[in-house]
$ cat upload.cif   # mmCIF, N, CA and C atoms
data_structure
loop_
_atom_site.label_atom_id
_atom_site.label_comp_id
_atom_site.auth_asym_id
_atom_site.auth_seq_id
_atom_site.Cartn_x
_atom_site.Cartn_y
_atom_site.Cartn_z
N MET D 1 -163.81 -3.28 243.97
CA MET D 1 -162.95 -4.43 244.12
C MET D 1 -162.69 -4.65 245.61
N ILE D 2 -162.70 -5.89 246.00
CA ILE D 2 -162.36 -6.28 247.38
C ILE D 2 -161.27 -7.33 247.29
N SER D 3 -160.18 -7.11 248.01
CA SER D 3 -159.12 -8.12 248.06
C SER D 3 -159.26 -8.91 249.35
N THR D 4 -158.68 -10.10 249.34
CA THR D 4 -158.71 -10.99 250.50
C THR D 4 -157.30 -11.39 250.86
N THR D 5 -156.95 -11.18 252.12
CA THR D 5 -155.63 -11.54 252.63
C THR D 5 -155.81 -12.53 253.77
N LYS D 6 -155.08 -13.64 253.72
CA LYS D 6 -155.15 -14.64 254.79
C LYS D 6 -154.00 -14.43 255.76
N ILE D 7 -154.33 -14.51 257.04
CA ILE D 7 -153.36 -14.34 258.13
C ILE D 7 -153.54 -15.50 259.10
N ASN D 8 -152.43 -16.09 259.53
CA ASN D 8 -152.46 -17.07 260.62
C ASN D 8 -151.81 -16.40 261.82
N VAL D 9 -152.54 -16.32 262.93
CA VAL D 9 -152.04 -15.61 264.10
C VAL D 9 -150.86 -16.38 264.70
N ARG D 10 -149.73 -15.66 264.82
CA ARG D 10 -148.53 -16.24 265.42
C ARG D 10 -148.53 -15.99 266.93
N TYR D 11 -147.85 -16.86 267.65
CA TYR D 11 -147.78 -16.74 269.11
C TYR D 11 -147.24 -15.38 269.53
N ALA D 12 -146.24 -14.89 268.81
CA ALA D 12 -145.60 -13.60 269.15
C ALA D 12 -146.56 -12.43 269.00
N GLU D 13 -147.67 -12.61 268.32
CA GLU D 13 -148.64 -11.52 268.11
C GLU D 13 -149.67 -11.44 269.24
N THR D 14 -149.59 -12.36 270.19
CA THR D 14 -150.55 -12.36 271.29
C THR D 14 -149.94 -11.72 272.53
N ASP D 15 -150.80 -11.29 273.44
CA ASP D 15 -150.34 -10.67 274.68
C ASP D 15 -150.50 -11.64 275.85
N GLN D 16 -150.27 -11.16 277.04
CA GLN D 16 -150.33 -12.01 278.23
C GLN D 16 -151.71 -12.63 278.44
N MET D 17 -152.74 -11.99 277.90
CA MET D 17 -154.10 -12.52 278.04
C MET D 17 -154.40 -13.60 276.99
N GLY D 18 -153.45 -13.80 276.06
CA GLY D 18 -153.64 -14.82 275.03
C GLY D 18 -154.40 -14.34 273.81
N ILE D 19 -154.63 -13.03 273.72
CA ILE D 19 -155.33 -12.49 272.56
C ILE D 19 -154.36 -11.67 271.71
N VAL D 20 -154.71 -11.44 270.47
CA VAL D 20 -153.87 -10.64 269.59
C VAL D 20 -153.78 -9.23 270.14
N HIS D 21 -152.56 -8.73 270.24
CA HIS D 21 -152.34 -7.36 270.73
C HIS D 21 -152.87 -6.37 269.70
N HIS D 22 -153.47 -5.30 270.17
CA HIS D 22 -154.10 -4.33 269.28
C HIS D 22 -153.12 -3.73 268.26
N SER D 23 -151.86 -3.63 268.59
CA SER D 23 -150.88 -3.02 267.68
C SER D 23 -150.65 -3.86 266.42
N VAL D 24 -150.97 -5.13 266.48
CA VAL D 24 -150.74 -6.04 265.35
C VAL D 24 -151.69 -5.74 264.19
N TYR D 25 -152.86 -5.23 264.50
CA TYR D 25 -153.84 -4.97 263.45
C TYR D 25 -153.33 -3.96 262.43
N ALA D 26 -152.55 -2.98 262.86
CA ALA D 26 -151.98 -2.00 261.92
C ALA D 26 -151.03 -2.69 260.94
N ILE D 27 -150.27 -3.66 261.42
CA ILE D 27 -149.36 -4.42 260.56
C ILE D 27 -150.16 -5.27 259.58
N TRP D 28 -151.21 -5.90 260.07
CA TRP D 28 -152.06 -6.71 259.19
C TRP D 28 -152.75 -5.84 258.15
N PHE D 29 -153.21 -4.65 258.54
CA PHE D 29 -153.83 -3.76 257.57
C PHE D 29 -152.85 -3.38 256.47
N GLU D 30 -151.60 -3.18 256.84
CA GLU D 30 -150.58 -2.85 255.83
C GLU D 30 -150.39 -4.01 254.86
N ALA D 31 -150.33 -5.23 255.37
CA ALA D 31 -150.20 -6.41 254.50
C ALA D 31 -151.40 -6.51 253.56
N ALA D 32 -152.59 -6.29 254.10
CA ALA D 32 -153.82 -6.37 253.30
C ALA D 32 -153.87 -5.26 252.26
N ARG D 33 -153.44 -4.06 252.62
CA ARG D 33 -153.43 -2.93 251.69
C ARG D 33 -152.44 -3.19 250.55
N THR D 34 -151.30 -3.77 250.88
CA THR D 34 -150.31 -4.13 249.86
C THR D 34 -150.89 -5.14 248.89
N ASP D 35 -151.60 -6.15 249.41
CA ASP D 35 -152.25 -7.14 248.55
C ASP D 35 -153.30 -6.47 247.66
N PHE D 36 -154.08 -5.56 248.23
CA PHE D 36 -155.11 -4.85 247.46
C PHE D 36 -154.47 -4.11 246.29
N CYS D 37 -153.41 -3.37 246.57
CA CYS D 37 -152.76 -2.57 245.52
C CYS D 37 -152.20 -3.45 244.42
N LYS D 38 -151.60 -4.57 244.79
CA LYS D 38 -151.09 -5.51 243.78
C LYS D 38 -152.24 -6.03 242.91
N MET D 39 -153.34 -6.39 243.56
CA MET D 39 -154.50 -6.91 242.84
C MET D 39 -155.08 -5.86 241.89
N ALA D 40 -155.00 -4.59 242.29
CA ALA D 40 -155.51 -3.51 241.46
C ALA D 40 -154.58 -3.19 240.29
N GLY D 41 -153.36 -3.74 240.34
CA GLY D 41 -152.40 -3.49 239.27
C GLY D 41 -151.47 -2.33 239.54
N LEU D 42 -151.35 -1.96 240.82
CA LEU D 42 -150.51 -0.83 241.20
C LEU D 42 -149.75 -1.19 242.48
N ALA D 43 -148.66 -1.91 242.33
CA ALA D 43 -147.86 -2.30 243.49
C ALA D 43 -147.29 -1.06 244.17
N TYR D 44 -147.24 -1.09 245.49
CA TYR D 44 -146.69 0.03 246.26
C TYR D 44 -145.30 0.41 245.77
N LYS D 45 -144.48 -0.59 245.53
CA LYS D 45 -143.11 -0.34 245.09
C LYS D 45 -143.09 0.46 243.79
N ASP D 46 -143.96 0.10 242.86
CA ASP D 46 -144.03 0.81 241.58
C ASP D 46 -144.56 2.23 241.76
N MET D 47 -145.57 2.38 242.63
CA MET D 47 -146.13 3.70 242.86
C MET D 47 -145.06 4.61 243.48
N GLU D 48 -144.32 4.09 244.45
CA GLU D 48 -143.28 4.89 245.10
C GLU D 48 -142.15 5.23 244.13
N SER D 49 -141.77 4.29 243.28
CA SER D 49 -140.70 4.59 242.32
C SER D 49 -141.16 5.60 241.27
N SER D 50 -142.47 5.70 241.07
CA SER D 50 -143.02 6.73 240.17
C SER D 50 -143.03 8.11 240.82
N GLY D 51 -142.88 8.15 242.14
CA GLY D 51 -142.85 9.44 242.84
C GLY D 51 -144.04 9.70 243.73
N VAL D 52 -144.95 8.72 243.89
CA VAL D 52 -146.13 8.91 244.74
C VAL D 52 -145.95 8.11 246.02
N LEU D 53 -145.93 8.81 247.15
CA LEU D 53 -145.84 8.17 248.46
C LEU D 53 -147.19 8.26 249.15
N THR D 54 -147.43 7.35 250.10
CA THR D 54 -148.72 7.31 250.78
C THR D 54 -148.54 7.31 252.31
N PRO D 55 -148.06 8.41 252.88
CA PRO D 55 -147.89 8.43 254.33
C PRO D 55 -149.24 8.33 255.05
N LEU D 56 -149.22 7.63 256.17
CA LEU D 56 -150.43 7.41 256.95
C LEU D 56 -150.85 8.71 257.64
N ALA D 57 -152.12 9.06 257.49
CA ALA D 57 -152.67 10.24 258.15
C ALA D 57 -153.52 9.85 259.35
N SER D 58 -154.21 8.71 259.26
CA SER D 58 -155.00 8.24 260.40
C SER D 58 -155.25 6.75 260.29
N LEU D 59 -155.48 6.16 261.46
CA LEU D 59 -155.76 4.73 261.60
C LEU D 59 -156.88 4.58 262.60
N ASN D 60 -157.89 3.80 262.24
CA ASN D 60 -159.04 3.59 263.11
C ASN D 60 -159.34 2.10 263.16
N CYS D 61 -159.53 1.57 264.36
CA CYS D 61 -159.91 0.17 264.53
C CYS D 61 -161.09 0.07 265.50
N LYS D 62 -161.99 -0.82 265.18
CA LYS D 62 -163.06 -1.16 266.12
C LYS D 62 -162.91 -2.65 266.40
N PHE D 63 -162.58 -2.98 267.64
CA PHE D 63 -162.36 -4.37 268.04
C PHE D 63 -163.68 -4.94 268.54
N ILE D 64 -164.19 -5.94 267.84
CA ILE D 64 -165.50 -6.50 268.15
C ILE D 64 -165.36 -7.77 268.98
N LYS D 65 -164.47 -8.67 268.55
CA LYS D 65 -164.18 -9.91 269.26
C LYS D 65 -162.67 -10.14 269.19
N PRO D 66 -162.11 -10.84 270.16
CA PRO D 66 -160.66 -11.07 270.11
C PRO D 66 -160.29 -12.16 269.12
N ALA D 67 -159.05 -12.08 268.64
CA ALA D 67 -158.44 -13.16 267.87
C ALA D 67 -157.40 -13.81 268.76
N PHE D 68 -157.16 -15.10 268.54
CA PHE D 68 -156.27 -15.89 269.39
C PHE D 68 -155.18 -16.56 268.57
N TYR D 69 -154.16 -17.03 269.29
CA TYR D 69 -153.06 -17.76 268.66
C TYR D 69 -153.60 -18.88 267.76
N ASP D 70 -153.03 -18.98 266.59
CA ASP D 70 -153.31 -20.00 265.58
C ASP D 70 -154.67 -19.85 264.89
N ASP D 71 -155.38 -18.75 265.17
CA ASP D 71 -156.60 -18.49 264.40
C ASP D 71 -156.21 -18.23 262.95
N ASN D 72 -157.01 -18.70 262.05
CA ASN D 72 -156.87 -18.36 260.63
C ASN D 72 -157.84 -17.23 260.35
N LEU D 73 -157.29 -16.11 259.91
CA LEU D 73 -158.10 -14.91 259.69
C LEU D 73 -158.11 -14.52 258.23
N ILE D 74 -159.14 -13.82 257.84
CA ILE D 74 -159.26 -13.26 256.50
C ILE D 74 -159.51 -11.77 256.65
N ILE D 75 -158.73 -10.98 255.93
CA ILE D 75 -158.92 -9.53 255.92
C ILE D 75 -159.43 -9.13 254.55
N LYS D 76 -160.61 -8.54 254.52
CA LYS D 76 -161.19 -8.03 253.28
C LYS D 76 -160.91 -6.54 253.21
N THR D 77 -160.33 -6.11 252.11
CA THR D 77 -159.89 -4.73 251.97
C THR D 77 -160.52 -4.11 250.74
N ARG D 78 -160.91 -2.86 250.86
CA ARG D 78 -161.42 -2.11 249.72
C ARG D 78 -160.97 -0.66 249.83
N LEU D 79 -160.93 0.00 248.70
CA LEU D 79 -160.64 1.42 248.66
C LEU D 79 -161.99 2.11 248.82
N SER D 80 -162.17 2.82 249.93
CA SER D 80 -163.50 3.35 250.26
C SER D 80 -163.69 4.82 249.90
N LYS D 81 -162.60 5.60 249.86
CA LYS D 81 -162.70 7.02 249.48
C LYS D 81 -161.45 7.41 248.73
N LEU D 82 -161.62 8.32 247.77
CA LEU D 82 -160.49 8.77 246.97
C LEU D 82 -160.69 10.22 246.57
N THR D 83 -159.67 11.03 246.81
CA THR D 83 -159.60 12.38 246.26
C THR D 83 -158.24 12.47 245.57
N PRO D 84 -157.98 13.51 244.81
CA PRO D 84 -156.68 13.61 244.16
C PRO D 84 -155.49 13.64 245.13
N ALA D 85 -155.72 13.99 246.41
CA ALA D 85 -154.63 14.10 247.37
C ALA D 85 -154.73 13.16 248.57
N ARG D 86 -155.77 12.31 248.59
CA ARG D 86 -155.98 11.46 249.76
C ARG D 86 -156.71 10.18 249.36
N VAL D 87 -156.39 9.09 250.09
CA VAL D 87 -157.04 7.81 249.82
C VAL D 87 -157.37 7.14 251.16
N GLU D 88 -158.54 6.50 251.22
CA GLU D 88 -158.96 5.78 252.42
C GLU D 88 -159.22 4.32 252.07
N PHE D 89 -158.67 3.43 252.88
CA PHE D 89 -158.92 1.99 252.75
C PHE D 89 -159.75 1.54 253.94
N SER D 90 -160.66 0.60 253.69
CA SER D 90 -161.48 0.00 254.74
C SER D 90 -161.16 -1.48 254.84
N TYR D 91 -161.18 -1.98 256.08
CA TYR D 91 -160.79 -3.36 256.36
C TYR D 91 -161.85 -4.04 257.22
N GLU D 92 -162.07 -5.31 256.95
CA GLU D 92 -162.91 -6.16 257.80
C GLU D 92 -162.13 -7.43 258.05
N VAL D 93 -161.98 -7.78 259.33
CA VAL D 93 -161.23 -8.98 259.71
C VAL D 93 -162.22 -10.04 260.19
N TYR D 94 -162.11 -11.23 259.63
CA TYR D 94 -163.00 -12.35 259.94
C TYR D 94 -162.19 -13.56 260.36
N ARG D 95 -162.79 -14.42 261.18
CA ARG D 95 -162.24 -15.77 261.35
C ARG D 95 -162.56 -16.53 260.08
N GLU D 96 -161.63 -17.35 259.64
CA GLU D 96 -161.79 -18.04 258.36
C GLU D 96 -163.07 -18.87 258.29
N ASN D 97 -163.47 -19.45 259.39
CA ASN D 97 -164.67 -20.30 259.38
C ASN D 97 -165.96 -19.53 259.69
N ASP D 98 -165.88 -18.20 259.81
CA ASP D 98 -167.07 -17.41 260.11
C ASP D 98 -166.97 -16.05 259.42
N GLU D 99 -167.23 -16.02 258.13
CA GLU D 99 -167.12 -14.78 257.38
C GLU D 99 -168.41 -13.95 257.41
N ASN D 100 -169.33 -14.28 258.30
CA ASN D 100 -170.56 -13.50 258.42
C ASN D 100 -170.45 -12.40 259.47
N LYS D 101 -169.52 -12.55 260.41
CA LYS D 101 -169.40 -11.59 261.51
C LYS D 101 -167.95 -11.15 261.66
N PRO D 102 -167.64 -9.89 261.32
CA PRO D 102 -166.26 -9.44 261.48
C PRO D 102 -165.87 -9.38 262.96
N ILE D 103 -164.60 -9.68 263.24
CA ILE D 103 -164.10 -9.54 264.61
C ILE D 103 -163.44 -8.17 264.81
N CYS D 104 -163.13 -7.50 263.69
CA CYS D 104 -162.54 -6.16 263.74
C CYS D 104 -162.84 -5.45 262.43
N THR D 105 -163.09 -4.16 262.51
CA THR D 105 -163.21 -3.33 261.32
C THR D 105 -162.29 -2.14 261.49
N GLY D 106 -161.88 -1.56 260.38
CA GLY D 106 -161.00 -0.41 260.50
C GLY D 106 -160.82 0.34 259.20
N THR D 107 -160.16 1.49 259.31
CA THR D 107 -159.83 2.29 258.14
C THR D 107 -158.42 2.86 258.33
N THR D 108 -157.78 3.11 257.20
CA THR D 108 -156.56 3.91 257.20
C THR D 108 -156.73 4.99 256.14
N VAL D 109 -156.30 6.19 256.47
CA VAL D 109 -156.34 7.31 255.53
C VAL D 109 -154.89 7.69 255.24
N HIS D 110 -154.59 7.86 253.95
CA HIS D 110 -153.23 8.15 253.52
C HIS D 110 -153.24 9.40 252.64
N ALA D 111 -152.25 10.26 252.88
CA ALA D 111 -152.03 11.37 251.97
C ALA D 111 -151.38 10.80 250.71
N LEU D 112 -151.59 11.45 249.59
CA LEU D 112 -150.87 11.14 248.37
C LEU D 112 -149.84 12.27 248.24
N ALA D 113 -148.57 11.90 248.38
CA ALA D 113 -147.53 12.91 248.55
C ALA D 113 -146.32 12.64 247.67
N ASN D 114 -145.49 13.69 247.52
CA ASN D 114 -144.23 13.53 246.79
C ASN D 114 -143.13 13.09 247.75
N LYS D 115 -141.89 12.98 247.26
CA LYS D 115 -140.80 12.47 248.10
C LYS D 115 -140.49 13.40 249.28
N ASN D 116 -140.92 14.66 249.22
CA ASN D 116 -140.75 15.59 250.34
C ASN D 116 -141.94 15.55 251.29
N LEU D 117 -142.85 14.61 251.05
CA LEU D 117 -144.05 14.42 251.85
C LEU D 117 -145.02 15.59 251.77
N HIS D 118 -144.96 16.32 250.66
CA HIS D 118 -145.94 17.38 250.40
C HIS D 118 -147.10 16.79 249.60
N PRO D 119 -148.32 17.12 249.96
CA PRO D 119 -149.47 16.60 249.22
C PRO D 119 -149.39 16.97 247.74
N ILE D 120 -149.84 16.04 246.91
CA ILE D 120 -149.86 16.28 245.46
C ILE D 120 -151.24 15.98 244.91
N ASN D 121 -151.51 16.50 243.75
CA ASN D 121 -152.75 16.22 243.04
C ASN D 121 -152.44 15.10 242.05
N THR D 122 -152.73 13.86 242.47
CA THR D 122 -152.41 12.72 241.62
C THR D 122 -153.25 12.70 240.35
N LYS D 123 -154.45 13.23 240.42
CA LYS D 123 -155.31 13.25 239.22
C LYS D 123 -154.66 14.08 238.12
N LYS D 124 -153.99 15.14 238.52
CA LYS D 124 -153.34 16.03 237.55
C LYS D 124 -151.93 15.57 237.20
N LEU D 125 -151.12 15.21 238.21
CA LEU D 125 -149.71 14.88 238.00
C LEU D 125 -149.45 13.43 237.60
N TYR D 126 -150.31 12.53 238.08
CA TYR D 126 -150.15 11.10 237.80
C TYR D 126 -151.51 10.50 237.40
N PRO D 127 -152.06 10.93 236.28
CA PRO D 127 -153.42 10.49 235.92
C PRO D 127 -153.56 8.98 235.77
N GLU D 128 -152.50 8.29 235.36
CA GLU D 128 -152.58 6.83 235.22
C GLU D 128 -152.70 6.15 236.58
N ILE D 129 -152.00 6.65 237.59
CA ILE D 129 -152.10 6.10 238.94
C ILE D 129 -153.48 6.41 239.53
N TYR D 130 -153.93 7.62 239.35
CA TYR D 130 -155.25 8.01 239.86
C TYR D 130 -156.34 7.15 239.21
N ALA D 131 -156.22 6.90 237.91
CA ALA D 131 -157.23 6.10 237.20
C ALA D 131 -157.27 4.67 237.73
N ILE D 132 -156.11 4.09 238.03
CA ILE D 132 -156.08 2.73 238.58
C ILE D 132 -156.78 2.70 239.93
N MET D 133 -156.50 3.70 240.78
CA MET D 133 -157.15 3.75 242.09
C MET D 133 -158.66 3.95 241.92
N GLN D 134 -159.04 4.84 241.05
CA GLN D 134 -160.47 5.12 240.84
C GLN D 134 -161.20 3.88 240.30
N ASN D 135 -160.56 3.15 239.40
CA ASN D 135 -161.18 1.95 238.83
C ASN D 135 -161.28 0.82 239.85
N SER D 136 -160.47 0.84 240.90
CA SER D 136 -160.51 -0.24 241.90
C SER D 136 -161.57 0.00 242.97
N MET D 137 -162.20 1.17 242.96
CA MET D 137 -163.27 1.44 243.92
C MET D 137 -164.53 0.69 243.49
N GLU D 138 -165.30 0.30 244.47
CA GLU D 138 -166.56 -0.40 244.17
C GLU D 138 -167.59 0.54 243.61
#
$ encode --input "upload.cif" --output "structure tokens"
Amino acid sequence: MISTTKINVRYAETDQMGIVHHSVYAIWFEAARTDFCKMAGLAYKDMESSGVLTPLASLNCKFIKPAFYDDNLIIKTRLSKLTPARVEFSYEVYRENDENKPICTGTTVHALANKNLHPINTKKLYPEIYAIMQNSME
């Protein structure tokens, strides 16, 4: 499964050079990941209220071309790796009028943890949540 999130670049997201500041991509990835989870049938809010948290373990971005104020962007998100205790999402950011060449690619890796932020085996403790994640992989 691949979800699509539309973003319009706001002026406040640009830096003095007129391009989107690199820190904004992490926020956009979070919005895209939230959309992906909703589309998969597992909203973050529901997962957290069930007792499964997803603290960020790593974030990786490759900036290929800059984005500018008022650009319309599309973020394509997929779940790229899954273990009982860890999940990885992959992102591709495109200009809306050019979906053949990404301007940025990235990944986020998240632990699957309890409320004390200790890793858990979701396959064993939350098989329904694990199954939803597994079924959303391509």
$ closest_residue --input "upload.cif" --among "D:Glu48, D:Asp70, D:Glu88, D:Asp98" --to "Lys115 (chain D)" --atoms "only C-alpha atoms"
D:Glu48
$ resolve_selection --input "upload.cif" --expression "the PyMOL selection byres ((chain D and resi 73) around 6)" --output "number ranges by chain"
D: 5-9, 71-72, 74-75, 94-96
$ atom_distance --input "upload.cif" --atom1 "atom N of Asn60 (chain D)" --atom2 "atom N of Ile129 (chain D)"
25.5 Å
$ residues_around --input "upload.cif" --residues "Glu92 (chain D)" --least-positions-apart "6" --cutoff "8 Å" --atoms "all atoms listed in the file" --output "PyMOL selection string"
chain D and resi 74-78+101-107
$ resolve_selection --input "upload.cif" --expression "the PyMOL selection byres ((chain D and resi 38-40) around 8)" --output "PyMOL selection string"
chain D and resi 1+3+32-37+41-44+132-133+135-136
$ select_by_dssp --input "upload.cif" --residues "chain D" --states "alpha helix (DSSP H)" --output "PyMOL selection string"
chain D and resi 24-40+44-50+122-125+127-135
$ resolve_selection --input "upload.cif" --expression "the PyMOL selection byres (((chain D and resi 11-28 and name CA) around 6) and name CA)" --output "ChimeraX atom specification"
/D:10,29-31,67-69
$ atom_distance --input "upload.cif" --atom1 "atom C of Val52 (chain D)" --atom2 "atom N of Ala113 (chain D)"
5.2 Å
$ closest_residue --input "upload.cif" --among "D:Asn121, D:Thr108, D:Glu128, D:Ser80" --to "Ile2 (chain D)" --atoms "only C-alpha atoms"
D:Ser80
$ closest_residue --input "upload.cif" --among "D:Val93, D:Leu53, D:Cys61, D:Val109" --to "Thr122 (chain D)" --atoms "only C-alpha atoms"
D:Leu53
$ closest_residue --input "upload.cif" --among "D:Asn97, D:Phe89, D:Asn116, D:Lys123" --to "Ser58 (chain D)" --atoms "only C-alpha atoms"
D:Phe89
$ residues_near_point --input "upload.cif" --point "(-150.8, 13.4, 245.8)" --cutoff "6 Å" --atoms "only N, CA and C atoms" --output "tab-separated table (two decimals) with N, CA and C atoms, keeping the file's coordinate frame"
chain	number	residue	atom	x	y	z
D	84	PRO	N	-157.98	13.51	244.81
D	84	PRO	CA	-156.68	13.61	244.16
D	84	PRO	C	-155.49	13.64	245.13
D	85	ALA	N	-155.72	13.99	246.41
D	85	ALA	CA	-154.63	14.10	247.37
D	85	ALA	C	-154.73	13.16	248.57
D	86	ARG	N	-155.77	12.31	248.59
D	86	ARG	CA	-155.98	11.46	249.76
D	86	ARG	C	-156.71	10.18	249.36
D	111	ALA	N	-152.25	10.26	252.88
D	111	ALA	CA	-152.03	11.37	251.97
D	111	ALA	C	-151.38	10.80	250.71
D	112	LEU	N	-151.59	11.45	249.59
D	112	LEU	CA	-150.87	11.14	248.37
D	112	LEU	C	-149.84	12.27	248.24
D	113	ALA	N	-148.57	11.90	248.38
D	113	ALA	CA	-147.53	12.91	248.55
D	113	ALA	C	-146.32	12.64	247.67
D	114	ASN	N	-145.49	13.69	247.52
D	114	ASN	CA	-144.23	13.53	246.79
D	114	ASN	C	-143.13	13.09	247.75
D	119	PRO	N	-148.32	17.12	249.96
D	119	PRO	CA	-149.47	16.60	249.22
D	119	PRO	C	-149.39	16.97	247.74
D	120	ILE	N	-149.84	16.04	246.91
D	120	ILE	CA	-149.86	16.28	245.46
D	120	ILE	C	-151.24	15.98	244.91
D	121	ASN	N	-151.51	16.50	243.75
D	121	ASN	CA	-152.75	16.22	243.04
D	121	ASN	C	-152.44	15.10	242.05
D	122	THR	N	-152.73	13.86	242.47
D	122	THR	CA	-152.41	12.72	241.62
D	122	THR	C	-153.25	12.70	240.35
$ atom_distance --input "upload.cif" --atom1 "atom N of Tyr126 (chain D)" --atom2 "CA of Ala57 (chain D)"
20.3 Å
$ select_by_dssp --input "upload.cif" --residues "region 1-108 of chain D" --states "strand (DSSP E or B)" --output "number ranges by chain"
D: 3-8, 14, 19-20, 53, 56-63, 68, 72-83, 86-95, 98, 104-108
$ axis_aligned_box --input "upload.cif" --around "region 37-40 of chain D" --padding-each-side "4 Å" --output "AutoDock Vina command-line options"
--center_x -153.3 --center_y -4.7 --center_z 243.4 --size_x 12.4 --size_y 12.3 --size_z 14.3
$ closest_residue --input "upload.cif" --among "D:Leu59, D:Leu79, D:Ile64, D:Met47" --to "Met137 (chain D)" --atoms "all atoms listed in the file"
D:Leu79
$ decode --input "upload.cif" --residues "region 96-102 of chain D" --atoms "all heavy atoms" --output "short mmCIF file (atom, residue, chain, number, x, y, z; two decimals), in the first residue's frame"
data_model
loop_
_atom_site.label_atom_id
_atom_site.label_comp_id
_atom_site.auth_asym_id
_atom_site.auth_seq_id
_atom_site.Cartn_x
_atom_site.Cartn_y
_atom_site.Cartn_z
N GLU D 96 3.91 18.43 -7.39
CA GLU D 96 2.64 17.90 -7.87
C GLU D 96 2.61 17.73 -9.39
O GLU D 96 2.03 16.79 -9.91
CB GLU D 96 1.49 18.81 -7.41
CG GLU D 96 0.14 18.22 -7.68
CD GLU D 96 -0.96 19.04 -7.06
OE1 GLU D 96 -0.95 20.27 -7.21
OE2 GLU D 96 -1.85 18.44 -6.43
N ASN D 97 3.25 18.61 -10.11
CA ASN D 97 3.22 18.53 -11.57
C ASN D 97 4.35 17.69 -12.16
O ASN D 97 4.51 17.63 -13.38
CB ASN D 97 3.25 19.94 -12.18
CG ASN D 97 4.49 20.71 -11.76
OD1 ASN D 97 5.27 20.26 -10.94
ND2 ASN D 97 4.66 21.90 -12.32
N ASP D 98 5.15 17.04 -11.31
CA ASP D 98 6.25 16.22 -11.80
C ASP D 98 6.46 15.02 -10.87
O ASP D 98 7.37 15.00 -10.05
CB ASP D 98 7.53 17.05 -11.90
CG ASP D 98 8.68 16.27 -12.56
OD1 ASP D 98 8.44 15.15 -13.06
OD2 ASP D 98 9.81 16.78 -12.56
N GLU D 99 5.61 14.02 -11.01
CA GLU D 99 5.69 12.85 -10.14
C GLU D 99 6.66 11.78 -10.67
O GLU D 99 6.68 10.67 -10.19
CB GLU D 99 4.30 12.26 -9.92
CG GLU D 99 3.43 13.14 -9.06
CD GLU D 99 2.15 12.45 -8.65
OE1 GLU D 99 2.21 11.33 -8.12
OE2 GLU D 99 1.09 13.06 -8.87
N ASN D 100 7.48 12.14 -11.65
CA ASN D 100 8.46 11.19 -12.17
C ASN D 100 9.80 11.30 -11.47
O ASN D 100 10.59 10.35 -11.50
CB ASN D 100 8.66 11.40 -13.68
CG ASN D 100 7.40 11.08 -14.45
OD1 ASN D 100 6.69 10.14 -14.12
ND2 ASN D 100 7.10 11.87 -15.47
N LYS D 101 10.08 12.45 -10.86
CA LYS D 101 11.39 12.69 -10.25
C LYS D 101 11.20 13.20 -8.83
O LYS D 101 10.79 14.34 -8.63
CB LYS D 101 12.17 13.72 -11.06
CG LYS D 101 12.41 13.32 -12.50
CD LYS D 101 13.05 14.46 -13.27
CE LYS D 101 13.08 14.14 -14.75
NZ LYS D 101 13.54 15.29 -15.53
N PRO D 102 11.53 12.40 -7.81
CA PRO D 102 11.38 12.90 -6.44
C PRO D 102 12.38 14.03 -6.16
O PRO D 102 13.50 14.02 -6.67
CB PRO D 102 11.67 11.68 -5.57
CG PRO D 102 12.45 10.76 -6.43
CD PRO D 102 12.04 11.03 -7.85
#
